[in-house]
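*Asks:* Just work22.txt, nothing more (compact mmCIF, C-alpha atoms):
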# COMPACT_ATOMS: atom_id res chain seq x y z
CA MET A 1 39.28 -0.20 31.42
CA ALA A 2 39.45 -3.36 29.31
CA ASP A 3 37.16 -3.59 26.29
CA GLN A 4 34.08 -5.61 27.08
CA PRO A 5 32.57 -7.74 24.31
CA LEU A 6 29.41 -6.07 22.99
CA PHE A 7 27.48 -9.30 22.65
CA ALA A 8 27.26 -12.82 23.97
CA GLN A 9 29.02 -15.67 22.21
CA ARG A 10 26.81 -17.80 20.00
CA GLY A 11 25.88 -21.08 21.64
CA SER A 12 23.87 -24.05 20.45
CA THR A 13 20.87 -23.68 18.16
CA GLU A 14 18.65 -24.18 21.21
CA GLU A 15 20.44 -21.40 23.08
CA VAL A 16 20.36 -19.03 20.10
CA GLU A 17 16.66 -19.62 19.42
CA GLU A 18 15.21 -20.10 22.88
CA GLY A 19 17.65 -18.23 25.09
CA ARG A 20 17.88 -14.70 26.39
CA ALA A 21 21.49 -14.03 25.38
CA PHE A 22 21.95 -11.53 22.56
CA ALA A 23 24.40 -13.18 20.17
CA PRO A 24 23.87 -11.69 16.69
CA LYS A 25 24.89 -13.72 13.66
CA PHE A 26 26.88 -11.34 11.49
CA ASP A 27 27.47 -12.15 7.84
CA ALA A 28 30.88 -12.23 6.14
CA ASP A 29 30.83 -8.42 6.05
CA GLY A 30 29.96 -8.15 9.74
CA LEU A 31 26.35 -7.12 9.13
CA VAL A 32 22.82 -8.10 10.06
CA THR A 33 19.72 -7.09 8.11
CA CYS A 34 17.45 -4.49 9.67
CA VAL A 35 13.82 -3.85 8.74
CA ALA A 36 12.33 -0.56 9.89
CA THR A 37 8.56 -0.30 10.07
CA ASP A 38 6.39 2.67 10.99
CA ALA A 39 5.31 2.09 14.58
CA ARG A 40 1.82 3.40 13.88
CA SER A 41 0.91 2.19 10.39
CA GLY A 42 3.02 -0.96 10.26
CA GLU A 43 4.28 0.07 6.82
CA VAL A 44 7.77 -1.11 5.97
CA LEU A 45 9.80 2.08 5.61
CA MET A 46 13.19 0.69 4.65
CA VAL A 47 15.55 -2.27 4.77
CA ALA A 48 19.17 -1.57 5.68
CA HIS A 49 22.09 -3.10 7.54
CA MET A 50 23.67 -2.78 10.95
CA ASN A 51 27.15 -3.73 12.09
CA ALA A 52 28.04 -4.33 15.74
CA GLN A 53 28.61 -0.65 16.40
CA ALA A 54 25.34 0.39 14.75
CA ILE A 55 23.45 -2.10 16.90
CA ALA A 56 25.18 -0.85 20.05
CA LYS A 57 24.47 2.80 19.17
CA THR A 58 20.83 2.02 18.39
CA ILE A 59 20.41 0.26 21.73
CA ALA A 60 22.16 3.01 23.67
CA THR A 61 20.48 6.00 22.04
CA GLY A 62 17.06 4.63 21.07
CA GLU A 63 17.62 6.08 17.59
CA ALA A 64 18.32 4.10 14.43
CA TRP A 65 21.94 3.80 13.37
CA TYR A 66 22.91 1.79 10.32
CA PHE A 67 26.03 0.79 8.44
CA SER A 68 26.24 2.06 4.89
CA ARG A 69 27.61 -0.64 2.60
CA SER A 70 28.32 1.81 -0.21
CA ARG A 71 30.06 4.39 1.97
CA LYS A 72 31.47 1.75 4.33
CA SER A 73 30.66 3.85 7.35
CA LEU A 74 28.42 4.08 10.36
CA TRP A 75 25.39 6.17 9.61
CA ARG A 76 22.94 7.86 11.94
CA LYS A 77 19.64 7.89 10.09
CA GLY A 78 18.56 11.50 9.65
CA GLU A 79 21.99 12.94 10.29
CA THR A 80 21.80 15.03 7.11
CA SER A 81 18.07 15.34 6.56
CA GLY A 82 16.87 15.53 10.15
CA HIS A 83 14.60 12.59 9.40
CA VAL A 84 15.72 10.59 12.41
CA GLN A 85 14.01 7.40 13.54
CA ARG A 86 13.08 7.01 17.20
CA VAL A 87 13.03 3.31 17.99
CA VAL A 88 9.90 2.28 19.84
CA GLU A 89 10.77 -1.41 19.92
CA MET A 90 13.64 -3.55 18.66
CA ARG A 91 12.98 -7.20 17.88
CA LEU A 92 15.34 -9.99 16.94
CA ASP A 93 14.60 -13.05 14.81
CA CYS A 94 14.97 -16.71 15.68
CA ASP A 95 18.52 -17.21 14.44
CA GLN A 96 19.55 -13.68 15.40
CA ASP A 97 20.68 -12.49 11.98
CA ALA A 98 17.86 -10.01 11.40
CA VAL A 99 16.51 -7.11 13.43
CA TRP A 100 13.10 -5.47 13.20
CA ILE A 101 12.74 -1.97 14.56
CA LYS A 102 9.41 -0.21 14.96
CA VAL A 103 10.13 3.47 14.62
CA GLU A 104 8.59 6.90 14.88
CA GLN A 105 9.86 8.49 11.69
CA ALA A 106 10.65 12.17 12.13
CA GLY A 107 9.90 14.44 9.18
CA PRO A 108 8.04 13.61 6.00
CA GLY A 109 9.74 10.38 5.02
CA ALA A 110 12.45 7.75 5.25
CA CYS A 111 13.46 7.35 1.61
CA HIS A 112 16.23 9.33 -0.02
CA THR A 113 14.04 9.68 -3.13
CA GLY A 114 11.70 11.96 -1.17
CA ARG A 115 9.06 9.44 -0.23
CA ARG A 116 7.67 8.20 3.03
CA SER A 117 8.78 4.58 2.41
CA CYS A 118 11.38 3.07 0.09
CA PHE A 119 8.78 0.55 -1.09
CA TYR A 120 6.80 2.74 -3.49
CA ARG A 121 6.53 0.28 -6.38
CA ALA A 122 4.69 -3.02 -6.71
CA VAL A 123 5.66 -6.03 -8.77
CA PRO A 124 2.57 -7.36 -10.57
CA LEU A 125 1.83 -11.01 -9.81
CA GLY A 126 0.47 -13.95 -11.76
CA GLN A 127 2.61 -13.74 -14.86
CA GLY A 128 5.84 -15.13 -16.18
CA ALA A 129 8.83 -13.01 -15.24
CA ASP A 130 10.67 -11.52 -18.16
CA ALA A 131 12.33 -8.25 -19.04
CA SER A 132 9.04 -6.75 -20.25
CA LEU A 133 7.48 -6.77 -16.75
CA ARG A 134 6.53 -3.29 -15.60
CA LEU A 135 6.43 -2.10 -12.01
CA GLU A 136 3.40 -0.21 -10.69
CA PHE A 137 3.85 2.92 -8.60
CA ARG A 138 1.93 2.78 -5.30
CA ASP A 139 1.94 5.26 -2.40
CA ALA A 140 4.64 6.90 -4.49
CA GLU A 141 3.83 10.58 -4.05
CA LYS A 142 6.85 12.57 -2.98
CA THR A 143 6.49 14.02 0.49
CA PHE A 144 9.64 16.13 0.40
CA ASP A 145 12.28 17.42 -1.97
CA PRO A 146 15.34 15.20 -1.58
CA ARG A 147 17.62 17.90 -3.01
CA GLU A 148 16.63 20.18 -0.16
CA ALA A 149 16.82 17.48 2.50
CA TYR A 150 20.10 15.98 1.40
CA GLY A 151 21.71 18.91 -0.39
CA GLY A 152 22.04 17.02 -3.64
CA GLY A 153 25.08 15.13 -2.43
CA THR A 154 25.20 11.72 -0.84
CA LYS A 155 22.14 9.52 -0.67
CA PRO A 156 21.76 8.64 3.00
CA GLY A 157 18.49 6.75 2.65
CA GLY A 158 19.15 4.61 -0.38
CA ASP A 159 21.77 2.30 0.94
CA SER A 160 20.10 -0.93 1.92
CA MET B 1 12.84 -21.37 -27.73
CA ALA B 2 15.75 -19.20 -26.63
CA ASP B 3 16.01 -18.37 -22.95
CA GLN B 4 14.57 -14.96 -22.24
CA PRO B 5 16.20 -12.89 -19.50
CA LEU B 6 14.03 -12.89 -16.37
CA PHE B 7 14.63 -9.24 -15.58
CA ALA B 8 15.57 -5.94 -17.15
CA GLN B 9 19.17 -4.78 -17.20
CA ARG B 10 20.07 -2.23 -14.56
CA GLY B 11 20.25 1.28 -15.94
CA SER B 12 21.14 4.61 -14.37
CA THR B 13 20.26 5.45 -10.77
CA GLU B 14 17.36 7.54 -12.11
CA GLU B 15 16.06 4.60 -14.15
CA VAL B 16 16.44 2.15 -11.25
CA GLU B 17 14.71 4.45 -8.75
CA GLU B 18 12.09 6.20 -10.84
CA GLY B 19 11.49 3.76 -13.66
CA ARG B 20 9.08 0.89 -14.23
CA ALA B 21 11.64 -1.71 -15.31
CA PHE B 22 12.23 -4.53 -12.82
CA ALA B 23 16.01 -4.84 -12.53
CA PRO B 24 16.82 -6.42 -9.16
CA LYS B 25 20.22 -5.77 -7.61
CA PHE B 26 21.49 -9.17 -6.54
CA ASP B 27 24.32 -9.43 -4.02
CA ALA B 28 27.52 -11.43 -4.56
CA ASP B 29 25.57 -14.61 -3.81
CA GLY B 30 22.80 -13.74 -6.27
CA LEU B 31 20.28 -12.85 -3.59
CA VAL B 32 17.97 -10.05 -2.55
CA THR B 33 16.51 -9.63 0.93
CA CYS B 34 12.81 -10.35 1.38
CA VAL B 35 10.65 -9.17 4.27
CA ALA B 36 7.33 -10.96 4.73
CA THR B 37 4.64 -9.20 6.73
CA ASP B 38 1.18 -10.40 7.70
CA ALA B 39 -1.24 -8.72 5.28
CA ARG B 40 -3.79 -8.16 8.02
CA SER B 41 -1.81 -7.28 11.16
CA GLY B 42 1.27 -5.74 9.53
CA GLU B 43 3.47 -7.86 11.82
CA VAL B 44 6.83 -8.83 10.36
CA LEU B 45 6.69 -12.62 10.08
CA MET B 46 10.16 -13.36 8.73
CA VAL B 47 13.15 -12.09 6.81
CA ALA B 48 14.64 -14.38 4.18
CA HIS B 49 16.30 -14.28 0.77
CA MET B 50 15.26 -14.78 -2.82
CA ASN B 51 17.39 -15.58 -5.84
CA ALA B 52 16.25 -14.89 -9.41
CA GLN B 53 14.34 -18.17 -9.63
CA ALA B 54 12.60 -17.63 -6.28
CA ILE B 55 11.46 -14.19 -7.42
CA ALA B 56 10.20 -15.58 -10.72
CA LYS B 57 8.33 -18.43 -8.97
CA THR B 58 6.79 -16.04 -6.45
CA ILE B 59 5.58 -13.75 -9.24
CA ALA B 60 4.22 -16.62 -11.33
CA THR B 61 2.48 -18.55 -8.53
CA GLY B 62 1.50 -15.81 -6.09
CA GLU B 63 3.04 -17.92 -3.32
CA ALA B 64 6.28 -17.17 -1.49
CA TRP B 65 9.38 -18.97 -2.70
CA TYR B 66 12.76 -18.33 -1.09
CA PHE B 67 16.34 -19.42 -1.48
CA SER B 68 17.81 -21.22 1.52
CA ARG B 69 21.36 -20.08 2.15
CA SER B 70 22.10 -23.00 4.47
CA ARG B 71 20.70 -25.68 2.16
CA LYS B 72 21.67 -23.77 -0.99
CA SER B 73 18.38 -24.58 -2.62
CA LEU B 74 15.14 -23.10 -3.79
CA TRP B 75 12.49 -23.42 -1.12
CA ARG B 76 8.73 -23.16 -1.38
CA LYS B 77 7.59 -21.78 1.97
CA GLY B 78 5.26 -24.32 3.55
CA GLU B 79 6.38 -27.20 1.38
CA THR B 80 6.95 -29.42 4.43
CA SER B 81 4.68 -27.83 7.01
CA GLY B 82 1.80 -26.76 4.79
CA HIS B 83 2.26 -23.24 6.15
CA VAL B 84 2.36 -21.61 2.74
CA GLN B 85 2.26 -17.86 2.21
CA ARG B 86 -0.15 -16.42 -0.32
CA VAL B 87 1.28 -13.15 -1.56
CA VAL B 88 -1.26 -10.34 -1.51
CA GLU B 89 1.17 -7.69 -2.69
CA MET B 90 4.85 -7.60 -3.64
CA ARG B 91 6.74 -4.33 -3.27
CA LEU B 92 10.25 -3.38 -4.32
CA ASP B 93 12.53 -0.80 -2.71
CA CYS B 94 14.19 2.23 -4.25
CA ASP B 95 17.45 0.60 -5.31
CA GLN B 96 15.76 -2.73 -6.05
CA ASP B 97 17.77 -4.92 -3.68
CA ALA B 98 14.97 -5.64 -1.22
CA VAL B 99 11.47 -7.01 -1.62
CA TRP B 100 8.53 -6.66 0.76
CA ILE B 101 5.73 -9.18 0.45
CA LYS B 102 2.43 -8.86 2.29
CA VAL B 103 1.18 -12.38 2.82
CA GLU B 104 -1.73 -14.40 4.07
CA GLN B 105 0.05 -16.95 6.22
CA ALA B 106 -1.61 -20.38 6.06
CA GLY B 107 -1.63 -22.38 9.27
CA PRO B 108 -0.63 -21.29 12.75
CA GLY B 109 2.69 -19.64 12.03
CA ALA B 110 5.69 -18.79 9.87
CA CYS B 111 8.58 -19.60 12.20
CA HIS B 112 10.27 -22.99 12.32
CA THR B 113 10.39 -22.69 16.14
CA GLY B 114 6.59 -23.06 16.25
CA ARG B 115 5.66 -19.41 16.51
CA ARG B 116 3.59 -17.08 14.42
CA SER B 117 6.52 -14.74 13.69
CA CYS B 118 10.28 -15.22 13.85
CA PHE B 119 10.55 -11.96 15.82
CA TYR B 120 9.47 -13.19 19.26
CA ARG B 121 12.17 -11.49 21.32
CA ALA B 122 12.87 -7.84 22.04
CA VAL B 123 16.21 -6.17 22.64
CA PRO B 124 15.87 -3.77 25.60
CA LEU B 125 16.86 -0.20 24.75
CA GLY B 126 18.59 2.63 26.58
CA GLN B 127 21.59 0.83 27.95
CA GLY B 128 25.15 0.08 26.97
CA ALA B 129 25.46 -3.09 24.91
CA ASP B 130 27.52 -5.79 26.53
CA ALA B 131 27.40 -9.54 26.91
CA SER B 132 25.15 -9.31 29.97
CA LEU B 133 22.21 -7.87 27.99
CA ARG B 134 19.15 -10.12 28.19
CA LEU B 135 16.47 -10.44 25.53
CA GLU B 136 12.79 -10.22 26.48
CA PHE B 137 10.31 -12.71 25.08
CA ARG B 138 7.29 -11.03 23.43
CA ASP B 139 4.41 -12.60 21.51
CA ALA B 140 6.46 -15.75 21.99
CA GLU B 141 3.79 -18.33 22.72
CA LYS B 142 4.15 -21.37 20.51
CA THR B 143 1.22 -21.80 18.16
CA PHE B 144 2.22 -25.21 16.85
CA ASP B 145 4.60 -28.06 17.51
CA PRO B 146 7.52 -27.73 15.11
CA ARG B 147 8.39 -31.41 15.47
CA GLU B 148 4.98 -32.33 14.10
CA ALA B 149 5.02 -29.68 11.37
CA TYR B 150 8.53 -30.35 10.15
CA GLY B 151 9.06 -33.93 11.22
CA GLY B 152 12.09 -33.11 13.36
CA GLY B 153 14.39 -32.86 10.36
CA THR B 154 15.36 -29.77 8.43
CA LYS B 155 14.40 -26.33 9.62
CA PRO B 156 12.54 -24.76 6.70
CA GLY B 157 11.62 -21.54 8.46
CA GLY B 158 14.84 -20.63 10.16
CA ASP B 159 16.98 -19.80 7.23
CA SER B 160 17.00 -16.08 6.85
As structure tokens - that is how I would like this structure written.

*Replies:*
Amino acid sequence: MADQPLFAQRGSTEEVEEGRAFAPKFDADGLVTCVATDARSGEVLMVAHMNAQAIAKTIATGEAWYFSRSRKSLWRKGETSGHVQRVVEMRLDCDQDAVWIKVEQAGPGACHTGRRSCFYRAVPLGQGADASLRLEFRDAEKTFDPREAYGGGTKPGGDS
Amino acid sequence: MADQPLFAQRGSTEEVEEGRAFAPKFDADGLVTCVATDARSGEVLMVAHMNAQAIAKTIATGEAWYFSRSRKSLWRKGETSGHVQRVVEMRLDCDQDAVWIKVEQAGPGACHTGRRSCFYRAVPLGQGADASLRLEFRDAEKTFDPREAYGGGTKPGGDS
């Protein structure tokens, strides 16, 4: 059986933006950005990347697969921790270089630091930026022990 | 007056993840990823990029500034269309290479195609990916005429 192309070829701007063909725009490293939000709360859980294979696996299985830039490998979210993400809906942006997945997050959290979301700190606004700026922790309580979930080894959730 | 560094230097993983110093991890092009969500609905409006200056301007003004990869220039969201984004909260992820801003979107939409959000198409799940896959339009009604908003020239909202 000959290999079929996974995606459509990119056409004109009009076709990419207003058409129904799925023709992702991969960057120089072969990746698109993926934003995962909690399907119920709308909270952004994490930002990561997908290569062609990760997109295909996510579509086929309905579970989130990513590509780890640091480990340079395909990565099934939750493979180590059990904190898999069931994809409720997968959206694509206008120029097809970013994906938004709404997920049901299994287990107590998505972040490898032991928190529900990776976005547990706020940047204070309304001031000049300089090295003295201090982040504010928000929704930062740990919901699980990352050493137990990940065995103290690799950091499956921190590669965005 | 000597130039002050805009951000802290990156320290250990522990310092980056659990500390209060703002030390963004810029990619090879000097960018971080930014996700903008609607502060009320939680909907993802767009995904774009910020360089150091865009981050500093966003912090100082409380309005979203981005860096356009296609035009290679700093870009105040809404500069042409008037569809500015007032930043209600700015969050940072664990390894500090992605930013999440919750915004009040002025005007009828964020997307240069004339829609509220850039994510107006869904990728159907549960099938093998191949070139015959067809996207499904969702929440795709146009809320404004992009030719009027942008004057038919550059595409300020489509650079992600």

*Asks:* Please provide chain A as a short mmCIF file (atom, residue, chain, number, x, y, z; two decimals) with C-alpha atoms, in the frame of the given file, once it has been superposed on chain B by least squares across all sequentially paired Cα atoms.

*Replies:*
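Wrote superposed.cif, looks like this:
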data_model
loop_
_atom_site.label_atom_id
_atom_site.label_comp_id
_atom_site.auth_asym_id
_atom_site.auth_seq_id
_atom_site.Cartn_x
_atom_site.Cartn_y
_atom_site.Cartn_z
CA MET A 1 12.72 -21.44 -27.69
CA ALA A 2 15.64 -19.25 -26.62
CA ASP A 3 15.94 -18.40 -22.94
CA GLN A 4 14.55 -14.97 -22.22
CA PRO A 5 16.20 -12.89 -19.50
CA LEU A 6 14.02 -12.89 -16.38
CA PHE A 7 14.62 -9.24 -15.59
CA ALA A 8 15.57 -5.95 -17.15
CA GLN A 9 19.16 -4.78 -17.19
CA ARG A 10 20.05 -2.23 -14.54
CA GLY A 11 20.23 1.28 -15.93
CA SER A 12 21.12 4.60 -14.36
CA THR A 13 20.25 5.44 -10.76
CA GLU A 14 17.37 7.54 -12.09
CA GLU A 15 16.06 4.61 -14.13
CA VAL A 16 16.44 2.15 -11.25
CA GLU A 17 14.71 4.44 -8.74
CA GLU A 18 12.09 6.19 -10.83
CA GLY A 19 11.49 3.75 -13.66
CA ARG A 20 9.09 0.90 -14.23
CA ALA A 21 11.65 -1.70 -15.30
CA PHE A 22 12.23 -4.53 -12.83
CA ALA A 23 16.00 -4.83 -12.53
CA PRO A 24 16.82 -6.41 -9.15
CA LYS A 25 20.22 -5.77 -7.61
CA PHE A 26 21.49 -9.17 -6.54
CA ASP A 27 24.32 -9.43 -4.04
CA ALA A 28 27.53 -11.42 -4.57
CA ASP A 29 25.57 -14.61 -3.80
CA GLY A 30 22.82 -13.74 -6.27
CA LEU A 31 20.27 -12.84 -3.59
CA VAL A 32 17.97 -10.03 -2.55
CA THR A 33 16.51 -9.62 0.93
CA CYS A 34 12.82 -10.35 1.38
CA VAL A 35 10.64 -9.17 4.26
CA ALA A 36 7.33 -10.96 4.73
CA THR A 37 4.64 -9.20 6.72
CA ASP A 38 1.19 -10.40 7.70
CA ALA A 39 -1.21 -8.73 5.28
CA ARG A 40 -3.77 -8.15 8.02
CA SER A 41 -1.80 -7.27 11.15
CA GLY A 42 1.28 -5.74 9.53
CA GLU A 43 3.47 -7.86 11.81
CA VAL A 44 6.83 -8.82 10.35
CA LEU A 45 6.70 -12.61 10.07
CA MET A 46 10.16 -13.36 8.72
CA VAL A 47 13.16 -12.08 6.80
CA ALA A 48 14.65 -14.38 4.17
CA HIS A 49 16.30 -14.29 0.77
CA MET A 50 15.27 -14.78 -2.83
CA ASN A 51 17.39 -15.58 -5.85
CA ALA A 52 16.26 -14.90 -9.42
CA GLN A 53 14.36 -18.16 -9.63
CA ALA A 54 12.61 -17.63 -6.29
CA ILE A 55 11.47 -14.19 -7.42
CA ALA A 56 10.20 -15.59 -10.73
CA LYS A 57 8.34 -18.43 -8.98
CA THR A 58 6.81 -16.03 -6.46
CA ILE A 59 5.59 -13.76 -9.25
CA ALA A 60 4.22 -16.63 -11.32
CA THR A 61 2.49 -18.55 -8.54
CA GLY A 62 1.51 -15.80 -6.09
CA GLU A 63 3.06 -17.91 -3.32
CA ALA A 64 6.30 -17.17 -1.48
CA TRP A 65 9.40 -18.97 -2.69
CA TYR A 66 12.76 -18.32 -1.10
CA PHE A 67 16.36 -19.43 -1.48
CA SER A 68 17.81 -21.22 1.51
CA ARG A 69 21.37 -20.06 2.14
CA SER A 70 22.13 -22.97 4.46
CA ARG A 71 20.71 -25.65 2.17
CA LYS A 72 21.68 -23.76 -0.99
CA SER A 73 18.39 -24.57 -2.63
CA LEU A 74 15.14 -23.08 -3.79
CA TRP A 75 12.51 -23.40 -1.14
CA ARG A 76 8.74 -23.14 -1.38
CA LYS A 77 7.61 -21.78 1.97
CA GLY A 78 5.28 -24.33 3.55
CA GLU A 79 6.41 -27.20 1.38
CA THR A 80 6.98 -29.40 4.43
CA SER A 81 4.70 -27.83 7.01
CA GLY A 82 1.82 -26.74 4.79
CA HIS A 83 2.28 -23.24 6.15
CA VAL A 84 2.37 -21.61 2.73
CA GLN A 85 2.28 -17.86 2.21
CA ARG A 86 -0.16 -16.41 -0.32
CA VAL A 87 1.28 -13.15 -1.57
CA VAL A 88 -1.25 -10.35 -1.52
CA GLU A 89 1.18 -7.69 -2.71
CA MET A 90 4.86 -7.60 -3.65
CA ARG A 91 6.75 -4.34 -3.28
CA LEU A 92 10.25 -3.38 -4.32
CA ASP A 93 12.54 -0.81 -2.71
CA CYS A 94 14.19 2.22 -4.26
CA ASP A 95 17.44 0.59 -5.31
CA GLN A 96 15.76 -2.74 -6.05
CA ASP A 97 17.78 -4.91 -3.69
CA ALA A 98 14.98 -5.63 -1.22
CA VAL A 99 11.47 -7.01 -1.61
CA TRP A 100 8.53 -6.66 0.75
CA ILE A 101 5.73 -9.17 0.46
CA LYS A 102 2.43 -8.86 2.29
CA VAL A 103 1.19 -12.37 2.81
CA GLU A 104 -1.73 -14.41 4.05
CA GLN A 105 0.04 -16.95 6.21
CA ALA A 106 -1.59 -20.37 6.05
CA GLY A 107 -1.61 -22.40 9.26
CA PRO A 108 -0.63 -21.29 12.74
CA GLY A 109 2.70 -19.64 12.03
CA ALA A 110 5.69 -18.79 9.88
CA CYS A 111 8.58 -19.62 12.20
CA HIS A 112 10.26 -22.99 12.33
CA THR A 113 10.39 -22.69 16.14
CA GLY A 114 6.59 -23.05 16.24
CA ARG A 115 5.66 -19.41 16.51
CA ARG A 116 3.58 -17.09 14.42
CA SER A 117 6.52 -14.73 13.67
CA CYS A 118 10.28 -15.22 13.85
CA PHE A 119 10.55 -11.97 15.82
CA TYR A 120 9.46 -13.20 19.25
CA ARG A 121 12.17 -11.50 21.32
CA ALA A 122 12.86 -7.84 22.04
CA VAL A 123 16.19 -6.18 22.65
CA PRO A 124 15.87 -3.78 25.60
CA LEU A 125 16.85 -0.21 24.76
CA GLY A 126 18.57 2.62 26.59
CA GLN A 127 21.58 0.80 27.96
CA GLY A 128 25.14 0.06 26.99
CA ALA A 129 25.46 -3.10 24.93
CA ASP A 130 27.51 -5.81 26.54
CA ALA A 131 27.39 -9.56 26.90
CA SER A 132 25.15 -9.33 29.98
CA LEU A 133 22.20 -7.89 28.00
CA ARG A 134 19.14 -10.12 28.19
CA LEU A 135 16.46 -10.44 25.54
CA GLU A 136 12.78 -10.22 26.48
CA PHE A 137 10.29 -12.71 25.07
CA ARG A 138 7.28 -11.03 23.44
CA ASP A 139 4.39 -12.61 21.50
CA ALA A 140 6.46 -15.74 21.99
CA GLU A 141 3.79 -18.33 22.72
CA LYS A 142 4.13 -21.37 20.52
CA THR A 143 1.22 -21.80 18.15
CA PHE A 144 2.22 -25.21 16.84
CA ASP A 145 4.59 -28.07 17.52
CA PRO A 146 7.52 -27.72 15.12
CA ARG A 147 8.40 -31.41 15.48
CA GLU A 148 4.99 -32.31 14.11
CA ALA A 149 5.03 -29.69 11.37
CA TYR A 150 8.55 -30.32 10.18
CA GLY A 151 9.08 -33.92 11.25
CA GLY A 152 12.08 -33.07 13.38
CA GLY A 153 14.36 -32.85 10.38
CA THR A 154 15.32 -29.77 8.43
CA LYS A 155 14.37 -26.32 9.61
CA PRO A 156 12.54 -24.75 6.68
CA GLY A 157 11.58 -21.53 8.46
CA GLY A 158 14.81 -20.61 10.18
CA ASP A 159 16.97 -19.80 7.25
CA SER A 160 17.01 -16.06 6.82
#

*Asks:* Quick one: residues within 12 Å of segment 107-117 of chain B, all atoms listed in the file, excluding same-chain residues fewer than 4 positions away - as a ChimeraX atom specification?

*Replies:* /A:13-14,16-18,91-95,100 /B:35-38,41-48,64,77-86,103,121,137-160

*Asks:* Create the file for the chosen residues now, containing C-alpha atoms and written as an mmCIF file, in the coordinates of the input.

*Replies:*
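Output (part39.cif):
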data_model
loop_
_atom_site.group_PDB
_atom_site.id
_atom_site.type_symbol
_atom_site.label_atom_id
_atom_site.label_comp_id
_atom_site.auth_asym_id
_atom_site.auth_seq_id
_atom_site.Cartn_x
_atom_site.Cartn_y
_atom_site.Cartn_z
ATOM 1 C CA THR A 13 20.870 -23.680 18.160
ATOM 2 C CA GLU A 14 18.650 -24.180 21.210
ATOM 3 C CA VAL A 16 20.360 -19.030 20.100
ATOM 4 C CA GLU A 17 16.660 -19.620 19.420
ATOM 5 C CA GLU A 18 15.210 -20.100 22.880
ATOM 6 C CA ARG A 91 12.980 -7.200 17.880
ATOM 7 C CA LEU A 92 15.340 -9.990 16.940
ATOM 8 C CA ASP A 93 14.600 -13.050 14.810
ATOM 9 C CA CYS A 94 14.970 -16.710 15.680
ATOM 10 C CA ASP A 95 18.520 -17.210 14.440
ATOM 11 C CA TRP A 100 13.100 -5.470 13.200
ATOM 12 C CA VAL B 35 10.650 -9.170 4.270
ATOM 13 C CA ALA B 36 7.330 -10.960 4.730
ATOM 14 C CA THR B 37 4.640 -9.200 6.730
ATOM 15 C CA ASP B 38 1.180 -10.400 7.700
ATOM 16 C CA SER B 41 -1.810 -7.280 11.160
ATOM 17 C CA GLY B 42 1.270 -5.740 9.530
ATOM 18 C CA GLU B 43 3.470 -7.860 11.820
ATOM 19 C CA VAL B 44 6.830 -8.830 10.360
ATOM 20 C CA LEU B 45 6.690 -12.620 10.080
ATOM 21 C CA MET B 46 10.160 -13.360 8.730
ATOM 22 C CA VAL B 47 13.150 -12.090 6.810
ATOM 23 C CA ALA B 48 14.640 -14.380 4.180
ATOM 24 C CA ALA B 64 6.280 -17.170 -1.490
ATOM 25 C CA LYS B 77 7.590 -21.780 1.970
ATOM 26 C CA GLY B 78 5.260 -24.320 3.550
ATOM 27 C CA GLU B 79 6.380 -27.200 1.380
ATOM 28 C CA THR B 80 6.950 -29.420 4.430
ATOM 29 C CA SER B 81 4.680 -27.830 7.010
ATOM 30 C CA GLY B 82 1.800 -26.760 4.790
ATOM 31 C CA HIS B 83 2.260 -23.240 6.150
ATOM 32 C CA VAL B 84 2.360 -21.610 2.740
ATOM 33 C CA GLN B 85 2.260 -17.860 2.210
ATOM 34 C CA ARG B 86 -0.150 -16.420 -0.320
ATOM 35 C CA VAL B 103 1.180 -12.380 2.820
ATOM 36 C CA ARG B 121 12.170 -11.490 21.320
ATOM 37 C CA PHE B 137 10.310 -12.710 25.080
ATOM 38 C CA ARG B 138 7.290 -11.030 23.430
ATOM 39 C CA ASP B 139 4.410 -12.600 21.510
ATOM 40 C CA ALA B 140 6.460 -15.750 21.990
ATOM 41 C CA GLU B 141 3.790 -18.330 22.720
ATOM 42 C CA LYS B 142 4.150 -21.370 20.510
ATOM 43 C CA THR B 143 1.220 -21.800 18.160
ATOM 44 C CA PHE B 144 2.220 -25.210 16.850
ATOM 45 C CA ASP B 145 4.600 -28.060 17.510
ATOM 46 C CA PRO B 146 7.520 -27.730 15.110
ATOM 47 C CA ARG B 147 8.390 -31.410 15.470
ATOM 48 C CA GLU B 148 4.980 -32.330 14.100
ATOM 49 C CA ALA B 149 5.020 -29.680 11.370
ATOM 50 C CA TYR B 150 8.530 -30.350 10.150
ATOM 51 C CA GLY B 151 9.060 -33.930 11.220
ATOM 52 C CA GLY B 152 12.090 -33.110 13.360
ATOM 53 C CA GLY B 153 14.390 -32.860 10.360
ATOM 54 C CA THR B 154 15.360 -29.770 8.430
ATOM 55 C CA LYS B 155 14.400 -26.330 9.620
ATOM 56 C CA PRO B 156 12.540 -24.760 6.700
ATOM 57 C CA GLY B 157 11.620 -21.540 8.460
ATOM 58 C CA GLY B 158 14.840 -20.630 10.160
ATOM 59 C CA ASP B 159 16.980 -19.800 7.230
ATOM 60 C CA SER B 160 17.000 -16.080 6.850
#

*Asks:* Find the residues of chain A in contact range of chain B, meaning any atom within 6 Å when counting all atoms listed in the file, and list them as a VMD selection string.

*Replies:* chain A and resid 5 to 8 20 to 21 42 56 59 to 61 90 to 94 118 to 119 121 to 123 125 to 131 134 to 135

*Asks:* Enter the distance from atom CA of Ser68 of chain A to atom CA of Asp27 of chain B, in Å, rounded to one decimal.

*Replies:* 14.7 Å

*Asks:* Which value, in Å to one decimal, gives the distance between atom CA of Leu31 of chain B and atom CA of Gln105 of chain A?

*Replies:*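 One can read the atom CA of Leu31 of chain B to atom CA of Gln105 of chain A distance as 28.2 Å.
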
*Asks:* Quick one, how far is atom CA of Val32 of chain B from atom CA of Pro24 of chain A?

*Replies:* 20.2 Å
